[in-house]
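Student: Got a file for you: protein38.txt, compact mmCIF, C-alpha atoms.
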```txt
# COMPACT_ATOMS: atom_id res chain seq x y z
CA MET A 819 27.74 6.24 4.25
CA ILE A 820 25.70 7.44 7.23
CA GLY A 821 27.30 8.28 10.57
CA TYR A 822 25.18 7.64 13.66
CA TYR A 823 26.21 9.12 17.02
CA VAL A 824 24.82 7.11 19.96
CA HIS A 825 24.74 8.60 23.46
CA HIS A 826 26.18 6.42 26.20
CA GLN A 827 23.37 6.88 28.76
CA GLY A 828 21.08 3.85 28.99
CA ARG A 829 20.43 1.26 26.28
CA GLY A 830 17.61 2.94 24.37
CA HIS A 831 19.75 5.07 22.04
CA LEU A 832 21.75 2.06 20.87
CA HIS A 833 18.71 -0.19 20.47
CA ARG A 834 17.01 2.47 18.34
CA ALA A 835 20.12 3.01 16.20
CA ARG A 836 20.48 -0.70 15.50
CA CYS A 837 16.79 -1.07 14.64
CA ILE A 838 16.94 1.78 12.15
CA ALA A 839 20.32 0.80 10.68
CA ALA A 840 19.01 -2.67 9.86
CA HIS A 841 16.66 -1.12 7.28
CA VAL A 842 18.88 1.63 5.86
CA GLN A 843 20.04 1.34 2.26
CA GLY A 844 23.81 1.50 2.43
CA PRO A 845 26.42 1.34 5.21
CA VAL A 846 25.93 2.85 8.67
CA THR A 847 28.78 3.55 11.10
CA ILE A 848 27.97 4.03 14.78
CA LEU A 849 30.10 6.42 16.83
CA SER A 850 29.77 5.90 20.58
CA SER A 851 31.60 5.46 23.88
CA LEU A 852 29.43 2.40 24.58
CA PRO A 853 30.96 -1.05 24.11
CA LYS A 854 30.45 -2.42 20.61
CA PRO A 855 27.79 -5.18 20.64
CA GLN A 856 29.06 -8.55 19.48
CA ALA A 857 26.20 -8.88 17.00
CA TRP A 858 26.92 -5.51 15.32
CA THR A 859 28.55 -6.10 11.92
CA GLY A 860 28.61 -2.53 10.62
CA GLY A 861 31.24 0.12 11.13
CA TRP A 862 31.99 1.21 14.67
CA VAL A 863 34.05 4.14 15.97
CA SER A 864 34.89 3.94 19.68
CA LEU A 865 34.80 7.32 21.41
CA PRO A 866 36.51 7.98 24.76
CA PRO A 867 34.33 8.35 27.86
CA ASP A 868 34.24 11.61 29.78
CA GLY A 869 36.87 10.64 32.36
CA ASP A 870 37.16 11.97 35.90
CA HIS A 871 38.41 15.48 35.20
CA ALA A 872 36.50 18.29 36.91
CA PRO A 873 34.79 20.21 34.09
CA VAL A 874 35.50 23.92 33.62
CA ASP A 875 32.72 25.99 32.02
CA PRO A 876 31.10 22.85 30.48
CA THR A 877 28.16 24.78 28.98
CA ALA A 878 30.11 27.70 27.44
CA ARG A 879 28.18 30.14 29.64
CA GLY A 880 24.88 28.43 28.95
CA ARG A 881 25.14 28.25 25.16
CA LEU A 882 25.87 24.51 24.84
CA HIS A 883 25.52 21.36 26.98
CA TRP A 884 28.98 19.79 27.24
CA VAL A 885 32.07 21.62 26.00
CA PRO A 886 34.40 21.71 29.07
CA LEU A 887 37.59 23.72 28.70
CA HIS A 888 40.95 21.90 28.47
CA HIS A 889 39.23 18.52 28.87
CA PRO A 890 41.36 15.82 27.20
CA GLU A 891 38.62 13.20 26.75
CA HIS A 892 36.20 15.73 25.29
CA ARG A 893 38.88 17.03 22.94
CA GLU A 894 39.67 13.48 21.85
CA ARG A 895 36.00 12.65 21.32
CA MET A 896 35.35 15.70 19.15
CA GLY A 897 38.60 15.16 17.28
CA THR A 898 37.77 11.52 16.57
CA ILE A 899 34.34 12.46 15.20
CA ALA A 900 35.82 15.24 13.08
CA GLU A 901 38.57 13.00 11.69
CA TRP A 902 36.06 10.28 10.83
CA ILE A 903 33.88 12.82 8.98
CA ARG A 904 36.94 14.18 7.17
CA GLN A 905 38.06 10.75 6.03
CA GLU A 906 34.72 9.06 5.31
CA ARG A 907 32.77 12.09 3.99
CA PRO A 908 29.39 10.72 5.14
CA ALA A 909 26.29 11.75 3.25
CA LEU A 910 24.41 12.20 6.53
CA PHE A 911 25.07 12.35 10.27
CA VAL A 912 22.45 11.31 12.85
CA SER A 913 22.85 12.57 16.43
CA ASP A 914 21.01 10.59 19.13
CA VAL A 915 21.61 12.67 21.00
CA SER A 916 24.28 15.38 21.27
CA VAL A 917 23.95 19.02 20.33
CA GLU A 918 27.73 19.26 20.10
CA ALA A 919 28.12 16.25 17.79
CA ALA A 920 25.31 17.49 15.55
CA THR A 921 26.74 20.99 15.38
CA LEU A 922 30.26 19.69 14.66
CA ALA A 923 28.95 17.61 11.75
CA ARG A 924 27.08 20.57 10.29
CA LEU A 925 30.13 22.83 10.71
CA MET A 926 31.98 20.30 8.54
CA GLY A 927 29.33 20.53 5.84
CA THR A 928 27.45 17.31 6.63
CA PRO A 929 23.63 17.28 6.81
CA VAL A 930 22.33 16.24 10.24
CA VAL A 931 19.24 14.60 11.75
CA VAL A 932 18.27 14.84 15.44
CA ALA A 933 15.27 14.64 17.80
CA MET A 934 14.19 13.91 21.35
CA ARG A 935 11.12 14.55 23.48
CA GLY A 936 10.98 16.96 26.37
CA ASP A 937 11.75 20.63 26.89
CA ARG A 938 14.16 21.41 24.05
CA GLY A 939 13.66 25.16 24.08
CA ASP A 940 17.08 26.02 25.51
CA GLU A 941 19.59 27.81 23.28
CA ALA A 942 21.66 24.72 22.58
CA HIS A 943 18.76 22.57 21.46
CA ARG A 944 17.28 25.38 19.37
CA LEU A 945 20.59 25.62 17.57
CA ALA A 946 20.80 21.88 16.84
CA TYR A 947 17.16 21.53 15.82
CA ASP A 948 17.37 24.57 13.54
CA LEU A 949 20.56 23.22 11.93
CA ALA A 950 19.02 19.80 11.33
CA ASP A 951 17.75 18.86 7.89
CA ALA A 952 15.15 16.60 9.49
CA LEU A 953 13.95 15.49 12.93
CA ILE A 954 13.11 11.88 13.74
CA ALA A 955 10.40 11.87 16.40
CA PRO A 956 9.89 8.34 17.81
CA TRP A 957 6.35 9.00 19.00
CA PRO A 958 3.02 9.33 17.13
CA GLN A 959 2.09 12.46 15.23
CA SER A 960 -1.24 12.46 17.09
CA LEU A 961 0.68 13.16 20.33
CA PRO A 962 3.10 15.92 19.29
CA GLU A 963 5.35 18.00 21.47
CA PRO A 964 3.13 20.99 22.31
CA ASP A 965 5.88 23.62 22.41
CA TRP A 966 7.69 22.84 19.17
CA PRO A 967 7.66 25.76 16.72
CA ALA A 968 6.07 25.24 13.31
CA ARG A 969 9.46 25.07 11.57
CA TRP A 970 10.39 21.97 13.60
CA HIS A 971 7.07 20.24 12.99
CA ALA A 972 7.48 20.91 9.27
CA LYS A 973 10.67 18.81 9.09
CA ALA A 974 9.75 16.15 11.68
CA LEU A 975 8.97 12.54 10.83
CA HIS A 976 6.81 11.02 13.57
CA THR A 977 7.61 7.32 13.38
CA GLY A 978 5.81 6.10 16.47
CA GLY A 979 7.73 4.05 19.01
CA ILE A 980 10.73 2.07 17.76
CA SER A 981 11.48 -1.25 19.44
CA ARG A 982 13.88 -4.08 18.65
CA TYR A 983 10.85 -6.35 19.16
CA ASP A 984 8.64 -4.80 16.49
CA GLY A 985 7.31 -7.64 14.36
CA ARG A 986 8.72 -10.36 16.63
CA PRO A 987 6.23 -13.18 17.30
CA ARG A 988 5.09 -13.64 20.86
CA PRO A 989 6.38 -16.82 22.53
CA LEU A 990 4.02 -19.78 22.20
CA CYS A 991 4.11 -20.33 25.96
CA VAL A 992 4.13 -17.17 28.02
CA SER A 993 2.99 -18.45 31.40
CA GLY A 994 5.33 -17.33 34.14
CA GLY A 995 4.79 -17.58 37.88
CA PRO A 996 2.24 -19.62 39.83
CA SER A 997 -1.09 -19.89 38.04
CA SER A 998 -2.99 -18.64 41.10
CA ARG A 999 -1.24 -15.27 40.93
CA LYS A 1000 -0.94 -12.66 38.23
CA GLU A 1001 2.52 -11.48 37.31
CA VAL A 1002 3.86 -7.94 37.37
CA VAL A 1003 7.21 -7.27 35.69
CA VAL A 1004 9.26 -4.29 36.86
CA MET A 1005 11.52 -3.05 34.05
CA LEU A 1006 13.91 -0.40 35.33
CA GLY A 1007 16.61 -0.64 32.67
CA ALA A 1008 20.19 0.64 32.65
CA GLY A 1009 19.82 4.42 32.74
CA GLY A 1010 19.44 4.65 36.52
CA ALA A 1011 16.41 4.25 38.77
CA ASP A 1012 14.57 6.67 41.06
CA VAL A 1013 13.22 3.85 43.22
CA THR A 1014 14.92 2.12 46.15
CA ASP A 1015 15.13 -1.53 47.12
CA ARG A 1016 13.03 -0.74 50.19
CA GLN A 1017 10.22 0.73 48.07
CA LEU A 1018 10.21 -2.33 45.84
CA ALA A 1019 10.17 -4.70 48.83
CA GLU A 1020 7.24 -2.81 50.40
CA ALA A 1021 5.26 -3.04 47.16
CA VAL A 1022 5.86 -6.80 47.01
CA ARG A 1023 4.74 -7.33 50.61
CA ALA A 1024 1.62 -5.22 50.04
CA THR A 1025 0.44 -7.36 47.08
CA PRO A 1026 0.49 -11.06 48.07
CA ASP A 1027 -1.84 -11.96 45.20
CA TRP A 1028 0.77 -10.89 42.64
CA SER A 1029 4.03 -12.48 41.56
CA TRP A 1030 6.80 -9.89 41.01
CA THR A 1031 9.66 -10.23 38.51
CA PHE A 1032 12.43 -7.62 38.25
CA LEU A 1033 14.46 -6.57 35.24
CA GLY A 1034 17.27 -4.24 36.27
CA GLY A 1035 17.26 -1.79 39.15
CA PRO A 1036 18.33 -2.50 42.73
CA ARG A 1037 16.77 -5.99 42.99
CA ALA A 1038 17.97 -7.77 39.83
CA ASP A 1039 20.49 -7.73 37.04
CA TRP A 1040 19.44 -6.81 33.53
CA ILE A 1041 19.00 -9.60 30.97
CA ASP A 1042 19.85 -9.08 27.31
CA ASP A 1043 16.56 -10.45 25.95
CA PRO A 1044 13.59 -9.71 28.24
CA TRP A 1045 11.01 -10.33 25.48
CA PRO A 1046 9.57 -13.62 26.88
CA VAL A 1047 9.32 -12.07 30.36
CA LEU A 1048 7.53 -8.99 29.05
CA CYS A 1049 5.07 -11.04 27.00
CA ARG A 1050 3.99 -13.23 29.90
CA ALA A 1051 3.32 -10.26 32.22
CA ASP A 1052 -0.15 -9.18 33.19
CA VAL A 1053 1.21 -5.70 33.99
CA ILE A 1054 4.57 -4.04 33.34
CA ILE A 1055 5.88 -1.30 35.62
CA THR A 1056 8.49 0.86 33.96
CA HIS A 1057 9.90 4.34 33.62
CA ALA A 1058 9.05 6.59 30.67
CA GLY A 1059 12.19 6.20 28.60
CA GLN A 1060 11.47 5.98 24.87
CA ASN A 1061 12.94 2.48 24.60
CA ALA A 1062 11.10 1.11 27.66
CA VAL A 1063 7.75 2.45 26.48
CA ALA A 1064 8.35 1.11 22.95
CA GLU A 1065 9.07 -2.37 24.34
CA CYS A 1066 5.86 -2.33 26.41
CA ALA A 1067 4.02 -1.27 23.26
CA ALA A 1068 5.60 -4.05 21.18
CA ALA A 1069 4.53 -6.63 23.80
CA ARG A 1070 1.01 -5.11 23.87
CA VAL A 1071 0.90 -5.48 27.67
CA PRO A 1072 -0.81 -2.97 30.02
CA ALA A 1073 1.70 -0.76 31.79
CA ILE A 1074 2.15 1.45 34.80
CA VAL A 1075 4.56 4.20 33.76
CA ILE A 1076 6.42 6.23 36.37
CA PRO A 1077 8.57 8.93 34.71
CA GLN A 1078 12.03 9.46 36.14
CA ASP A 1079 13.88 12.75 36.35
CA ARG A 1080 16.05 13.20 33.28
CA PRO A 1081 17.60 16.29 31.67
CA HIS A 1082 15.08 18.46 29.82
CA GLY A 1083 12.10 16.58 31.28
CA GLU A 1084 12.05 13.98 28.51
CA GLN A 1085 10.38 11.24 30.55
CA HIS A 1086 7.79 13.54 32.10
CA ALA A 1087 6.84 14.74 28.61
CA THR A 1088 6.33 11.13 27.51
CA GLY A 1089 4.30 10.43 30.65
CA ARG A 1090 2.01 13.37 29.93
CA ALA A 1091 1.44 12.14 26.37
CA LEU A 1092 0.63 8.60 27.52
CA ARG A 1093 -1.77 9.88 30.18
CA ALA A 1094 -3.51 12.23 27.74
CA ALA A 1095 -4.06 9.39 25.26
CA GLY A 1096 -5.14 6.89 27.91
CA LEU A 1097 -2.47 4.42 26.77
CA ALA A 1098 -1.00 3.65 30.18
CA THR A 1099 -1.57 4.16 33.88
CA VAL A 1100 0.81 7.03 34.70
CA ARG A 1101 1.96 8.12 38.16
CA ASP A 1102 4.32 11.01 38.78
CA SER A 1103 6.16 9.24 41.61
CA TRP A 1104 6.47 5.79 43.15
CA PRO A 1105 3.16 5.02 44.94
CA PRO A 1106 2.96 4.14 48.67
CA PRO A 1107 2.55 0.46 49.60
CA HIS A 1108 -1.18 0.62 50.32
CA ALA A 1109 -1.92 1.92 46.81
CA TRP A 1110 -0.40 -0.96 44.88
CA THR A 1111 -3.21 -3.51 44.99
CA GLY A 1112 -5.77 -1.17 43.49
CA LEU A 1113 -3.24 0.25 41.05
CA LEU A 1114 -2.31 -3.16 39.66
CA VAL A 1115 -5.96 -4.15 39.29
CA GLU A 1116 -6.69 -0.87 37.51
CA ALA A 1117 -3.76 -1.29 35.13
CA ALA A 1118 -4.51 -4.94 34.33
CA ALA A 1119 -8.07 -4.00 33.38
CA ARG A 1120 -6.92 -1.31 30.95
CA GLU A 1121 -7.41 -2.16 27.30
CA ALA A 1122 -3.99 -2.30 25.67
CA ARG A 1123 -4.22 0.13 22.74
CA TRP A 1124 -0.50 0.32 22.18
CA GLU A 1125 -0.86 0.23 18.39
CA ARG A 1126 -1.63 3.95 18.57
CA TRP A 1127 1.80 4.59 20.09
CA SER A 1128 3.76 2.01 18.14
CA PRO A 1129 2.30 0.68 14.86
CA GLY A 1130 5.37 -1.53 14.46
CA ASP A 1131 7.04 0.01 11.40
CA GLY A 1132 8.82 2.95 13.04
CA ALA A 1133 12.32 1.71 12.25
CA GLN A 1134 11.47 1.14 8.60
CA ARG A 1135 9.96 4.62 8.28
CA ALA A 1136 12.99 6.25 9.89
CA ALA A 1137 15.34 4.22 7.69
CA ARG A 1138 13.52 5.29 4.53
CA LEU A 1139 13.94 8.91 5.54
CA LEU A 1140 17.65 8.50 6.23
CA SER A 1141 18.17 6.59 2.99
CA ASP A 1142 16.36 9.28 0.99
CA LEU A 1143 18.34 12.08 2.67
CA ALA A 1144 21.64 10.26 2.09
CA LEU A 1145 20.84 9.85 -1.61
CA ARG A 1146 19.59 13.43 -2.02
CA PRO A 1147 21.62 15.50 -4.49
CA PRO A 1148 23.64 18.32 -2.82
CA GLY A 1149 21.65 21.53 -2.54
CA ARG A 1150 18.25 19.88 -2.85
CA SER A 1151 15.87 20.61 0.04
CA ALA A 1152 14.85 17.77 2.31
CA CYS A 1153 11.36 16.37 1.84
CA VAL A 1154 10.04 14.74 5.00
CA PRO A 1155 7.21 12.25 4.31
CA ARG A 1156 3.98 12.62 6.20
```
Hey, can you dump this file as structure tokens for me?
Tutor:
Amino acid sequence: MIGYYVHHQGRGHLHRARCIAAHVQGPVTILSSLPKPQAWTGGWVSLPPDGDHAPVDPTARGRLHWVPLHHPEHRERMGTIAEWIRQERPALFVSDVSVEAATLARLMGTPVVVAMRGDRGDEAHRLAYDLADALIAPWPQSLPEPDWPARWHAKALHTGGISRYDGRPRPLCVSGGPSSRKEVVVMLGAGGADVTDRQLAEAVRATPDWSWTFLGGPRADWIDDPWPVLCRADVIITHAGQNAVAECAAARVPAIVIPQDRPHGEQHATGRALRAAGLATVRDSWPPPHAWTGLLVEAAAREARWERWSPGDGAQRAARLLSDLALRPPGRSACVPR
């Protein structure tokens, strides 16, 4: 049995967990405060959300990220995880991503696996990464995190991007809007957007030769399966979340990536890696209206070399690692494949 903690922010953590779990040898139980997907047939442990209580000393004087004092929902969440570990005795616990959940599992004698991009040099992340038996890094080894110490690199498996669309055939007919105009798809997702409806409207008015389609954000609801929309796009505009970038890569469509502010600079770190490799057109903030015509033309002309970011087998590689770690005899050191 493998336990898999899934953070509630955005959809990317859950998509990645489900992709990996589909290839793992043996049962996987997801622990999360997200709603259980109807299509999920594995084990599921529902965790309480944070609630509306004002947190008291939530970081334990800067040593952790979220351990508020006398907080009933937090106490219930940690207790539920601990009780599940006590009863099920999992061979492995994956945290995507919570320092506290990873540390709790290791305190109970369960090996743990974690990883995320961005500035993870704070005390809490150093603790979790040092405790981990292995780190799953869903980006290519050729674009590593520059500030990771050697001991983290030594136990990291760089899988490349992981998308639920890896290996999925492109639709036979991908034409979208009017044939006289190219189509740009704006994918803003569920984790929050740093762009306003006014900024989007100004960009549309400034580019009459382009047809705009919106997925999420202030101008449209999210759809559960955006794959056909992504495939028909000439350009995708998105943030730099791991899941969003992986889906652009799976569709092999040129992208304009605009990192959003997230804790620990995760999206800005991904943006820097994409810019350095020339895999996407990256801008640090939403461009002004007059810049959009040239920007879309520039992006559409970029050769899509997404296979460098996402070869398409990231979930399988991660699953093999988890399966091997779960079957490892107690006391035997982890061996992370290269």
Student: If we count all atoms listed in the file and set the cut-off at 7 Å, which residues sit around range 1132-1140 of chain A, ignoring sequence neighbours fewer than 5 positions away in its own chain? Please answer as a PyMOL selection string.
Tutor: chain A and resi 837-839+841-842+954+977-980
Student: One number please: CA of Trp862 in chain A to CA of His831 in chain A, in Å, one decimal.
Tutor: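 These atoms are spaced 14.8 Å apart.
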Student: Within 9 Å of range 927-941 of chain A, counting all atoms listed in the file, which residues show up once you throw out same-chain ones fewer than 3 positions away? Write them as an mmCIF file with C-alpha atoms, in the coordinates of the input, please.
Tutor:
```cif
data_model
loop_
_atom_site.group_PDB
_atom_site.id
_atom_site.type_symbol
_atom_site.label_atom_id
_atom_site.label_comp_id
_atom_site.auth_asym_id
_atom_site.auth_seq_id
_atom_site.Cartn_x
_atom_site.Cartn_y
_atom_site.Cartn_z
ATOM 1 C CA GLY A 880 24.880 28.430 28.950
ATOM 2 C CA ARG A 881 25.140 28.250 25.160
ATOM 3 C CA LEU A 882 25.870 24.510 24.840
ATOM 4 C CA ILE A 903 33.880 12.820 8.980
ATOM 5 C CA ARG A 907 32.770 12.090 3.990
ATOM 6 C CA PRO A 908 29.390 10.720 5.140
ATOM 7 C CA ALA A 909 26.290 11.750 3.250
ATOM 8 C CA LEU A 910 24.410 12.200 6.530
ATOM 9 C CA PHE A 911 25.070 12.350 10.270
ATOM 10 C CA VAL A 912 22.450 11.310 12.850
ATOM 11 C CA SER A 913 22.850 12.570 16.430
ATOM 12 C CA ASP A 914 21.010 10.590 19.130
ATOM 13 C CA VAL A 915 21.610 12.670 21.000
ATOM 14 C CA SER A 916 24.280 15.380 21.270
ATOM 15 C CA VAL A 917 23.950 19.020 20.330
ATOM 16 C CA ALA A 920 25.310 17.490 15.550
ATOM 17 C CA THR A 921 26.740 20.990 15.380
ATOM 18 C CA LEU A 922 30.260 19.690 14.660
ATOM 19 C CA ALA A 923 28.950 17.610 11.750
ATOM 20 C CA ARG A 924 27.080 20.570 10.290
ATOM 21 C CA ARG A 944 17.280 25.380 19.370
ATOM 22 C CA LEU A 945 20.590 25.620 17.570
ATOM 23 C CA ALA A 946 20.800 21.880 16.840
ATOM 24 C CA TYR A 947 17.160 21.530 15.820
ATOM 25 C CA LEU A 949 20.560 23.220 11.930
ATOM 26 C CA ALA A 950 19.020 19.800 11.330
ATOM 27 C CA ASP A 951 17.750 18.860 7.890
ATOM 28 C CA ALA A 952 15.150 16.600 9.490
ATOM 29 C CA LEU A 953 13.950 15.490 12.930
ATOM 30 C CA ILE A 954 13.110 11.880 13.740
ATOM 31 C CA ALA A 955 10.400 11.870 16.400
ATOM 32 C CA PRO A 956 9.890 8.340 17.810
ATOM 33 C CA TRP A 957 6.350 9.000 19.000
ATOM 34 C CA GLU A 963 5.350 18.000 21.470
ATOM 35 C CA ASP A 965 5.880 23.620 22.410
ATOM 36 C CA TRP A 966 7.690 22.840 19.170
ATOM 37 C CA ALA A 974 9.750 16.150 11.680
ATOM 38 C CA GLN A 1060 11.470 5.980 24.870
ATOM 39 C CA PRO A 1081 17.600 16.290 31.670
ATOM 40 C CA HIS A 1082 15.080 18.460 29.820
ATOM 41 C CA GLY A 1083 12.100 16.580 31.280
ATOM 42 C CA GLU A 1084 12.050 13.980 28.510
ATOM 43 C CA GLN A 1085 10.380 11.240 30.550
ATOM 44 C CA HIS A 1086 7.790 13.540 32.100
ATOM 45 C CA ALA A 1087 6.840 14.740 28.610
ATOM 46 C CA THR A 1088 6.330 11.130 27.510
ATOM 47 C CA LEU A 1140 17.650 8.500 6.230
ATOM 48 C CA LEU A 1143 18.340 12.080 2.670
ATOM 49 C CA ALA A 1144 21.640 10.260 2.090
#
```
Student: Of the candidates A:Val1022, A:Leu1092, A:Ala972, A:Met1005, which one gets nearest to Glu1065 in chain A if we count all atoms listed in the file?
Tutor: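 Going through A:Val1022, A:Leu1092, A:Ala972, A:Met1005 one by one, the smallest distance to Glu1065 in chain A is for A:Met1005.
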Student: With a distance cut-off of 12 Å and only C-alpha atoms, select the neighbouring residues of Arg986 in chain A, excluding the residue or stretch itself and same-chain residues fewer than 4 positions from it, and output the selection as a ChimeraX atom specification.
Tutor: /A:981-982,990,1045-1046,1049,1065,1068-1070,1130-1131
Student: Could you write out the selected residues, including C-alpha atoms, as a PDB file, keeping the file's coordinate frame?
Tutor:
```pdb
ATOM      1  CA  SER A 981      11.480  -1.250  19.440  1.00  0.00           C
ATOM      2  CA  ARG A 982      13.880  -4.080  18.650  1.00  0.00           C
ATOM      3  CA  LEU A 990       4.020 -19.780  22.200  1.00  0.00           C
ATOM      4  CA  TRP A1045      11.010 -10.330  25.480  1.00  0.00           C
ATOM      5  CA  PRO A1046       9.570 -13.620  26.880  1.00  0.00           C
ATOM      6  CA  CYS A1049       5.070 -11.040  27.000  1.00  0.00           C
ATOM      7  CA  GLU A1065       9.070  -2.370  24.340  1.00  0.00           C
ATOM      8  CA  ALA A1068       5.600  -4.050  21.180  1.00  0.00           C
ATOM      9  CA  ALA A1069       4.530  -6.630  23.800  1.00  0.00           C
ATOM     10  CA  ARG A1070       1.010  -5.110  23.870  1.00  0.00           C
ATOM     11  CA  GLY A1130       5.370  -1.530  14.460  1.00  0.00           C
ATOM     12  CA  ASP A1131       7.040   0.010  11.400  1.00  0.00           C
TER      13      ASP A1131
END
```
Student: Just give me the gap between CA of Gly830 in chain A and CA of His1057 in chain A in Å, one decimal is fine.
Tutor: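 We find that CA of Gly830 in chain A and CA of His1057 in chain A lie 12.1 Å from each other.
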Student: Using all atoms listed in the file, find the one residue out of A:Ala1109, A:Leu865, A:Ala1024, A:Cys1066 that sits nearest to Val824 in chain A.
Tutor: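 Distance minimum relative to Val824 in chain A lands on A:Leu865.
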Student: Extract range 1047-1062 of chain A from the structure I just pasted (atoms: C-alpha atoms) and return it as a compact mmCIF listing (two decimals), in the first residue's frame.
Tutor:
```
# COMPACT_ATOMS: atom_id res chain seq x y z
CA VAL A 1047 -9.22 22.89 -27.33
CA LEU A 1048 -5.50 22.82 -26.54
CA CYS A 1049 -4.68 20.75 -29.62
CA ARG A 1050 -6.44 23.09 -32.04
CA ALA A 1051 -4.69 26.21 -30.69
CA ASP A 1052 -2.01 28.04 -32.60
CA VAL A 1053 -0.73 29.51 -29.32
CA ILE A 1054 -1.54 28.75 -25.68
CA ILE A 1055 -1.22 31.44 -23.00
CA THR A 1056 -0.87 30.00 -19.53
CA HIS A 1057 0.74 30.39 -16.14
CA ALA A 1058 3.80 28.36 -15.11
CA GLY A 1059 2.17 25.74 -12.93
CA GLN A 1060 3.68 22.28 -13.40
CA ASN A 1061 0.39 20.81 -14.63
CA ALA A 1062 -0.35 23.65 -17.07
```
